[in-house]
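First up is the structure itself, then whatever we jot down about it.
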Amino acid sequence: MTWRPVGLTRDVPAGRVMRAWVDGQDAVVWRSTRGVLSAWDNRCPHRGMALSHGFVRGEDLACLYHGWHYGAEGGVCSLIPSHPDLTPPDTIKTRAFQSAESDGVIWVRLEGSPDLAPIDLAPPAIAPGLDPLRSFEIRASEGDIAHGAAAKPFEPAILSLLFNPIAHDRTLVTVLIDAQATSDQRKLASRWCEDVRREVEA
Amino acid sequence: MSLAYARNDWYVIADRNSLEQGPRRTRLLGDEIHVSGSYAHPVIKDASGRMLPTQIKFDHVWTTVGDRPRPLFDIPEGNEPGRRLVPCGMVRVKCSPLRAVENFLDIAHFPFVHTDVLGAEPYTEVEPYKVEIREQNDEVWATKVKFFQPLAAKSAAGGITTDYEYRVPAPTTAVLYKTCPPKPEAQDVITIFVQPRSETECDVWPWMALYDDDTPYADLVQFQQMIFLQDRSILENQRPIKLPLDPRMEIPTRSDLTSVAYRRWLKKRGAFYGALAETL
């Protein structure tokens with residue numbers, strides 16, 4: 001399985017929970033209060049509720065339905081509020097995926113355990129000198145978006161596009177811009193993103 | 001899926017309000033149903049024009065598409081003098097009809113989903129309660145259920161520990177008996193009749209039989225609708241959409257005793273419409 005870019009580091013600050021799609025897998029990406037990033041199957045093992053609707057409590061992600069807590073380290077259930085004195089068996093755990101960050105982009109991949117050696121954890125390196133600009137969804141295929149972007153070259157600064165296919169007609173696009181770009185150039189690039197989206201979705 | 005079992009149950013497909021708005025189409029067990037006539041004389045037809053049997057009970061219009069329908073259960077409290085009968089309209093939910101019933105049987109979610117209304121942290125603990133299958137009528141019953149609630153009902157002034165009993169007379173109906181704040185010796189009755197539009201979509205018709213003559217009707221309905229809209233935000237985000245009957249697929253804890261019994265009871269009866277009978 002490949003690393004997929006699922007969003008920007010700055011879009012997932014401490015305490016934030018986000019839904020992501022990785023090779024057809026519904027996933028939850030979240031950051032603990034102390035800053036640990038995790039990516040799990042977006043499903044509470046108790047009653048199947050989407051954990052992306054949950055909330056961060058310290059180093060745990062809590063499910064919105066019954067408040068069951070899962071720890072950032074390993075996704076093991078640490079609290080069942082209906083039985084606060086019970087120590088949950090460590091067989092109750094979420095399915096964890098590998099997650100990593102580089103150059104302001106969050107990457108997730110399905111295969112392998114999160115405990116693999118760091119060398120295996122390295123996500124694709126982004127060309128040096130690029131800053132993340134934004135990450136947004138377009139209702140079109142990767143091919144159509146690439147085609148639409150190529151037909152409308154952006155002159156003011158260097159842009160680079162990363163694609164994460166969500167469905168055959170939905171793609172998460174992460175746009176990177178020359179780190180030297182001025183704020184005016186960044187504004188123009190944002191507008192260019194909107195134009196490309198409008199055209200390929202039409 | 002077991003359509004054969006489900007076809008022989010009775011289902012709510014309209015109330016007085018919806019009939020007064022003229023003929024309407026709805027869905028039942030995956031098929032289109034035409035509803036017309038008046039509340040006193042409803043006319044229910046399937047897509048081929050076949051007339052379906054009807055009965056008016058608990059302030060709703062019921063029908064069945066089966067050849068050998070089981071008798072419709074009774075809710076005797078509906079006939080008790082002094083109770084106010086409150087049909088609460090309908091809430092459509094994109095979920096399995098069985099998940100909607102199971103959610104109604106669950107109290108452990110109150111502090112998180114109905115925060116500051118039916119429950120509140122740190123009062124999250126569920127005390128042991130009793131669950132049984134009552135043999136004489138083959139119903140699931142949960143009794144001696146207790147929970148602390150900040151605002152248990154429209155008629156409640158402040159936080160109280162509420163006593164609950166639950167009854168499941170049919171796979172898509174759940175009845176709840178709870179402490180009635182102004183009349184502690186009696187119990188309010190709150191019911192959901194779930195109309196299975198398909199295995200993954202349902203219309204929920206709440207109905208109440210209360211000792212409450214003071215609260216305006218609109219406020220009672222609004223309170224129930226608020227609760228169900230909060231539940232909907234959960235029900236439309238569970239995966240798989242169908243209710244898994246294999247206990248390995250969703251891990252229960254002690255407070256899930258009612259849910260565990262309900263799932264076993266469905267499995268034993270072969271009531272698989274809206275359920276995932278196999279393991280994924």
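Residue numbering restarts at 1 for every chain of the structure tokens, chains are lettered A, B, ... in their displayed order, and ligands are numbered from 1 as they appear.
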Each residue of chain A with at least one atom at most 6 Å from chain B should appear once, together with its nearest atom pair and the corresponding distance in Å (one decimal); atoms considered: only C-alpha atoms; ordering: chain, then increasing residue number; output as a tab-separated table.
```
residue	atom	partner	partner_atom	distance
A:Pro45	CA	B:Glu250	CA	5.6
A:His46	CA	B:Ile251	CA	4.7
A:Arg47	CA	B:Glu250	CA	5.6
A:Gly48	CA	B:Gln238	CA	4.9
A:Met49	CA	B:Gln238	CA	4.3
A:Ala50	CA	B:Asn237	CA	5.6
A:Tyr65	CA	B:His109	CA	5.6
A:His66	CA	B:His109	CA	4.6
A:Pro81	CA	B:Thr124	CA	5.5
A:Ser82	CA	B:Glu125	CA	4.1
A:His83	CA	B:Glu125	CA	5.4
```
Problem - Secondary structure check, helix (DSSP H, G or I) residues of segment 95-198 of chain A, as a list in words - result: Pro118, Ile119, Asp120, Leu121, Glu142, Gly143, Asp144, Ile145, Ala146, His147, Gly148, Ala149, Ala150, Ser183, Asp184, Gln185, Arg186, Lys187, Leu188, Ala189, Ser190, Arg191, Trp192, Cys193, Glu194, Asp195, Val196, Arg197 and Arg198 of chain A
Output for the residues just chosen: C-alpha atoms as a JSON list (two decimals), in the first residue's frame:
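result_14.json, freshly written:
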```
[["chain", "number", "residue", "atom", "x", "y", "z"],
["A", 118, "PRO", "CA", 11.35, 4.43, 11.33],
["A", 119, "ILE", "CA", 12.87, 3.79, 7.92],
["A", 120, "ASP", "CA", 9.62, 2.18, 6.85],
["A", 121, "LEU", "CA", 7.65, 5.03, 8.30],
["A", 142, "GLU", "CA", -7.51, 12.38, -10.34],
["A", 143, "GLY", "CA", -7.02, 12.19, -14.12],
["A", 144, "ASP", "CA", -9.66, 14.84, -14.84],
["A", 145, "ILE", "CA", -8.18, 17.18, -12.24],
["A", 146, "ALA", "CA", -4.62, 16.74, -13.55],
["A", 147, "HIS", "CA", -5.93, 17.42, -17.04],
["A", 148, "GLY", "CA", -7.89, 20.47, -15.91],
["A", 149, "ALA", "CA", -4.89, 21.87, -14.02],
["A", 150, "ALA", "CA", -2.55, 21.34, -16.97],
["A", 183, "SER", "CA", 1.16, 36.48, 0.05],
["A", 184, "ASP", "CA", -0.32, 37.93, -3.15],
["A", 185, "GLN", "CA", 0.92, 34.94, -5.11],
["A", 186, "ARG", "CA", -0.60, 32.63, -2.50],
["A", 187, "LYS", "CA", -3.94, 34.41, -2.80],
["A", 188, "LEU", "CA", -3.80, 34.05, -6.59],
["A", 189, "ALA", "CA", -2.95, 30.37, -6.20],
["A", 190, "SER", "CA", -5.95, 29.86, -3.91],
["A", 191, "ARG", "CA", -8.17, 31.50, -6.48],
["A", 192, "TRP", "CA", -6.62, 29.29, -9.17],
["A", 193, "CYS", "CA", -7.55, 26.23, -7.08],
["A", 194, "GLU", "CA", -11.16, 27.39, -6.98],
["A", 195, "ASP", "CA", -11.17, 27.99, -10.73],
["A", 196, "VAL", "CA", -9.78, 24.52, -11.45],
["A", 197, "ARG", "CA", -12.33, 22.96, -9.08],
["A", 198, "ARG", "CA", -15.21, 24.82, -10.74]]
```
Problem - DSSP-assigned strand (DSSP E or B) members of segment 147-278 of chain B, reported as an MDAnalysis selection string - result: chainID B and resid 147:149 160:170 173:179 187:198 201:210 238 243:244 275:276
Can I get the selected residues back with C-alpha atoms, as a JSON list (two decimals), in the first residue's frame?
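Output (result_13.json):
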```
[["chain", "number", "residue", "atom", "x", "y", "z"],
["B", 147, "PHE", "CA", -30.12, 6.40, 35.52],
["B", 148, "PHE", "CA", -29.45, 9.92, 36.73],
["B", 149, "GLN", "CA", -31.00, 12.52, 34.47],
["B", 160, "ILE", "CA", -33.59, 12.98, 39.24],
["B", 161, "THR", "CA", -32.66, 9.32, 39.20],
["B", 162, "THR", "CA", -35.10, 7.84, 36.73],
["B", 163, "ASP", "CA", -36.34, 4.24, 36.83],
["B", 164, "TYR", "CA", -36.77, 2.55, 33.50],
["B", 165, "GLU", "CA", -38.24, -0.62, 32.07],
["B", 166, "TYR", "CA", -37.98, -1.64, 28.47],
["B", 167, "ARG", "CA", -40.16, -3.98, 26.48],
["B", 168, "VAL", "CA", -39.61, -5.27, 22.93],
["B", 169, "PRO", "CA", -42.89, -6.80, 21.70],
["B", 170, "ALA", "CA", -41.80, -7.00, 18.04],
["B", 173, "THR", "CA", -41.15, -1.75, 18.24],
["B", 174, "ALA", "CA", -39.77, -0.76, 21.63],
["B", 175, "VAL", "CA", -41.73, 0.41, 24.65],
["B", 176, "LEU", "CA", -40.19, 2.33, 27.51],
["B", 177, "TYR", "CA", -41.71, 2.81, 30.96],
["B", 178, "LYS", "CA", -40.11, 5.53, 33.02],
["B", 179, "THR", "CA", -40.59, 7.43, 36.26],
["B", 187, "GLN", "CA", -44.88, 5.35, 34.85],
["B", 188, "ASP", "CA", -44.92, 7.31, 31.62],
["B", 189, "VAL", "CA", -44.94, 5.19, 28.48],
["B", 190, "ILE", "CA", -42.83, 6.18, 25.50],
["B", 191, "THR", "CA", -42.81, 4.01, 22.41],
["B", 192, "ILE", "CA", -41.18, 3.94, 19.03],
["B", 193, "PHE", "CA", -42.88, 2.26, 16.12],
["B", 194, "VAL", "CA", -40.28, 1.82, 13.41],
["B", 195, "GLN", "CA", -41.45, 1.58, 9.82],
["B", 196, "PRO", "CA", -38.79, -0.29, 7.85],
["B", 197, "ARG", "CA", -38.67, 1.51, 4.49],
["B", 198, "SER", "CA", -35.81, -0.80, 3.57],
["B", 201, "GLU", "CA", -33.72, 3.32, 5.98],
["B", 202, "CYS", "CA", -36.64, 3.77, 8.36],
["B", 203, "ASP", "CA", -39.33, 6.14, 9.53],
["B", 204, "VAL", "CA", -39.54, 6.35, 13.32],
["B", 205, "TRP", "CA", -42.97, 7.17, 14.80],
["B", 206, "PRO", "CA", -42.70, 7.98, 18.51],
["B", 207, "TRP", "CA", -45.87, 7.69, 20.58],
["B", 208, "MET", "CA", -46.35, 8.51, 24.24],
["B", 209, "ALA", "CA", -48.96, 7.79, 26.91],
["B", 210, "LEU", "CA", -48.22, 10.26, 29.69],
["B", 238, "GLN", "CA", -22.70, 3.47, 12.37],
["B", 243, "LEU", "CA", -27.18, -4.58, 12.77],
["B", 244, "PRO", "CA", -24.53, -7.32, 13.21],
["B", 275, "ALA", "CA", -29.62, -7.39, 10.32],
["B", 276, "LEU", "CA", -26.29, -8.78, 9.27]]
```
Fill in the blank from the handout: note - atom CA of Ser141 of chain A and atom CA of Arg170 of chain A are separated by 5.8 Å
Would you mind listing what lies within 7 Å of segment 5-22 of chain B as a PDB file with N, CA and C atoms, in the first residue's frame, with only C-alpha atoms counted and same-chain residues fewer than 6 positions away left out?
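Now in out-v6.pdb:
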```pdb
ATOM      1  N   SER B  36     -54.041   6.323   1.191  1.00  0.00           N
ATOM      2  CA  SER B  36     -55.035   7.375   0.952  1.00  0.00           C
ATOM      3  C   SER B  36     -56.235   7.114   1.864  1.00  0.00           C
ATOM      4  N   SER B  38     -59.190   8.281   4.655  1.00  0.00           N
ATOM      5  CA  SER B  38     -59.192   9.134   5.843  1.00  0.00           C
ATOM      6  C   SER B  38     -58.629   8.338   7.018  1.00  0.00           C
ATOM      7  N   TYR B  39     -58.430   9.015   8.125  1.00  0.00           N
ATOM      8  CA  TYR B  39     -57.912   8.322   9.298  1.00  0.00           C
ATOM      9  C   TYR B  39     -58.898   7.245   9.755  1.00  0.00           C
ATOM     10  N   ASP B  59     -53.080   5.318  18.012  1.00  0.00           N
ATOM     11  CA  ASP B  59     -53.116   6.576  17.254  1.00  0.00           C
ATOM     12  C   ASP B  59     -52.332   6.535  15.943  1.00  0.00           C
ATOM     13  N   HIS B  60     -52.151   5.341  15.401  1.00  0.00           N
ATOM     14  CA  HIS B  60     -51.460   5.223  14.123  1.00  0.00           C
ATOM     15  C   HIS B  60     -52.189   4.230  13.222  1.00  0.00           C
ATOM     16  N   VAL B  61     -51.887   4.328  11.932  1.00  0.00           N
ATOM     17  CA  VAL B  61     -52.440   3.396  10.946  1.00  0.00           C
ATOM     18  C   VAL B  61     -51.405   2.308  10.698  1.00  0.00           C
ATOM     19  N   TRP B  62     -51.846   1.057  10.839  1.00  0.00           N
ATOM     20  CA  TRP B  62     -50.952  -0.095  10.694  1.00  0.00           C
ATOM     21  C   TRP B  62     -51.337  -0.918   9.474  1.00  0.00           C
ATOM     22  N   THR B  63     -50.348  -1.535   8.878  1.00  0.00           N
ATOM     23  CA  THR B  63     -50.629  -2.469   7.790  1.00  0.00           C
ATOM     24  C   THR B  63     -49.632  -3.615   7.831  1.00  0.00           C
ATOM     25  N   THR B  64     -49.925  -4.642   7.024  1.00  0.00           N
ATOM     26  CA  THR B  64     -49.002  -5.759   6.885  1.00  0.00           C
ATOM     27  C   THR B  64     -49.064  -6.243   5.442  1.00  0.00           C
ATOM     28  N   VAL B  65     -47.971  -6.793   4.955  1.00  0.00           N
ATOM     29  CA  VAL B  65     -47.957  -7.309   3.583  1.00  0.00           C
ATOM     30  C   VAL B  65     -47.910  -8.834   3.561  1.00  0.00           C
ATOM     31  N   GLY B  66     -47.983  -9.446   4.746  1.00  0.00           N
ATOM     32  CA  GLY B  66     -47.836 -10.903   4.827  1.00  0.00           C
ATOM     33  C   GLY B  66     -49.140 -11.655   4.602  1.00  0.00           C
ATOM     34  N   ASP B  67     -49.008 -12.930   4.301  1.00  0.00           N
ATOM     35  CA  ASP B  67     -50.188 -13.782   4.118  1.00  0.00           C
ATOM     36  C   ASP B  67     -50.713 -14.311   5.453  1.00  0.00           C
ATOM     37  N   ARG B  68     -49.798 -14.469   6.402  1.00  0.00           N
ATOM     38  CA  ARG B  68     -50.215 -14.993   7.717  1.00  0.00           C
ATOM     39  C   ARG B  68     -49.668 -14.095   8.811  1.00  0.00           C
ATOM     40  N   PRO B  69     -50.204 -12.851   8.896  1.00  0.00           N
ATOM     41  CA  PRO B  69     -49.645 -11.910   9.864  1.00  0.00           C
ATOM     42  C   PRO B  69     -49.817 -12.379  11.310  1.00  0.00           C
ATOM     43  N   ARG B  70     -48.789 -12.153  12.108  1.00  0.00           N
ATOM     44  CA  ARG B  70     -48.914 -12.382  13.550  1.00  0.00           C
ATOM     45  C   ARG B  70     -49.832 -11.310  14.120  1.00  0.00           C
ATOM     46  N   LEU B  72     -51.142  -8.213  16.125  1.00  0.00           N
ATOM     47  CA  LEU B  72     -50.456  -7.020  16.626  1.00  0.00           C
ATOM     48  C   LEU B  72     -50.501  -7.045  18.155  1.00  0.00           C
ATOM     49  N   PHE B 193     -42.459   3.203  17.162  1.00  0.00           N
ATOM     50  CA  PHE B 193     -42.878   2.265  16.122  1.00  0.00           C
ATOM     51  C   PHE B 193     -41.984   2.561  14.925  1.00  0.00           C
ATOM     52  N   GLN B 195     -41.003   2.034  11.143  1.00  0.00           N
ATOM     53  CA  GLN B 195     -41.455   1.575   9.822  1.00  0.00           C
ATOM     54  C   GLN B 195     -40.227   1.285   8.976  1.00  0.00           C
ATOM     55  N   GLY B 270     -35.063 -15.557  13.695  1.00  0.00           N
ATOM     56  CA  GLY B 270     -34.820 -15.407  12.258  1.00  0.00           C
ATOM     57  C   GLY B 270     -35.325 -14.075  11.742  1.00  0.00           C
ATOM     58  N   ALA B 271     -35.385 -13.086  12.639  1.00  0.00           N
ATOM     59  CA  ALA B 271     -35.829 -11.745  12.243  1.00  0.00           C
ATOM     60  C   ALA B 271     -34.619 -10.983  11.712  1.00  0.00           C
ATOM     61  N   TYR B 273     -34.337  -9.091   8.862  1.00  0.00           N
ATOM     62  CA  TYR B 273     -34.496  -7.927   7.981  1.00  0.00           C
ATOM     63  C   TYR B 273     -33.881  -6.699   8.664  1.00  0.00           C
TER      64      TYR B 273
END
```
Problem - Close residues, Pro88 of chain A itself excluded, 10 Å, only C-alpha atoms, min 2 positions apart in chain, as an MDAnalysis selection string - result: (chainID A and resid 68:69 76:80 83:86 90:93) or (chainID B and resid 253)
Problem - Straight-line distance linking atom CA of Thr115 of chain B with atom CA of Tyr217 of chain B, stated in Å to one decimal - result: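 Atom CA of Tyr217 of chain B lies at a distance of 23.4 Å from atom CA of Thr115 of chain B.
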Exercise for the section: Using only C-alpha atoms, find the one residue out of A:Ala62, A:Leu37, A:Val28, A:Leu176 that sits nearest to Thr9 of chain A. Expected result: A:Leu37
Handout entry: Residue among B:Cys88, B:Val117, B:Leu3, B:Met51 lying closest to Leu28 of chain B, counting only C-alpha atoms
Key =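 Closest residue, counting only C-alpha atoms: B:Leu3.
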Completion exercise
The distance between atom CA of Leu172 of chain A and atom CA of Trp107 of chain A is 12.3 Å
Practice task
Name the residues in contact with Ser32 of chain A at a cut-off of 8 Å, using only C-alpha atoms, excluding same-chain residues fewer than 4 positions from it; report them as a count of residues only.
Solution key: 12
Problem - All residues 12 Å or closer to Asp11 of chain A, only C-alpha atoms, same chain fewer than 4 positions away omitted, as a list in words - result: Val6, Gly7, Gly15, Arg16, Val17, Met18, Arg19, Val29, Trp30, Arg31, Gly104, Val105, Ile106, Pro132, Leu133, Arg134, Ser135, Phe136 and Thr174 of chain A
Keeping only C-alpha atoms, take the residues you just selected and write them out as a PDB file, in the first residue's frame.
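Wrote it out as result34.pdb, contents follow:
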```pdb
ATOM      1  CA  VAL A   6      -4.832  13.174   3.756  1.00  0.00           C
ATOM      2  CA  GLY A   7      -4.480  16.790   4.843  1.00  0.00           C
ATOM      3  CA  GLY A  15      -7.364  18.263  20.013  1.00  0.00           C
ATOM      4  CA  ARG A  16      -8.689  18.144  16.439  1.00  0.00           C
ATOM      5  CA  VAL A  17     -10.377  15.111  14.844  1.00  0.00           C
ATOM      6  CA  MET A  18     -10.719  14.659  11.082  1.00  0.00           C
ATOM      7  CA  ARG A  19     -12.165  12.054   8.739  1.00  0.00           C
ATOM      8  CA  VAL A  29      -7.060  11.164  11.882  1.00  0.00           C
ATOM      9  CA  TRP A  30      -6.637  13.040  15.162  1.00  0.00           C
ATOM     10  CA  ARG A  31      -4.068  14.733  17.372  1.00  0.00           C
ATOM     11  CA  GLY A 104       3.420  20.141   6.734  1.00  0.00           C
ATOM     12  CA  VAL A 105       1.546  17.296   5.037  1.00  0.00           C
ATOM     13  CA  ILE A 106      -0.129  14.385   6.877  1.00  0.00           C
ATOM     14  CA  PRO A 132       1.657  23.444   1.828  1.00  0.00           C
ATOM     15  CA  LEU A 133      -0.972  25.852   0.505  1.00  0.00           C
ATOM     16  CA  ARG A 134      -4.246  24.017   1.029  1.00  0.00           C
ATOM     17  CA  SER A 135      -5.929  20.644   0.966  1.00  0.00           C
ATOM     18  CA  PHE A 136      -9.453  20.321  -0.432  1.00  0.00           C
ATOM     19  CA  THR A 174      -3.173  18.894  -1.652  1.00  0.00           C
TER      20      THR A 174
END
```
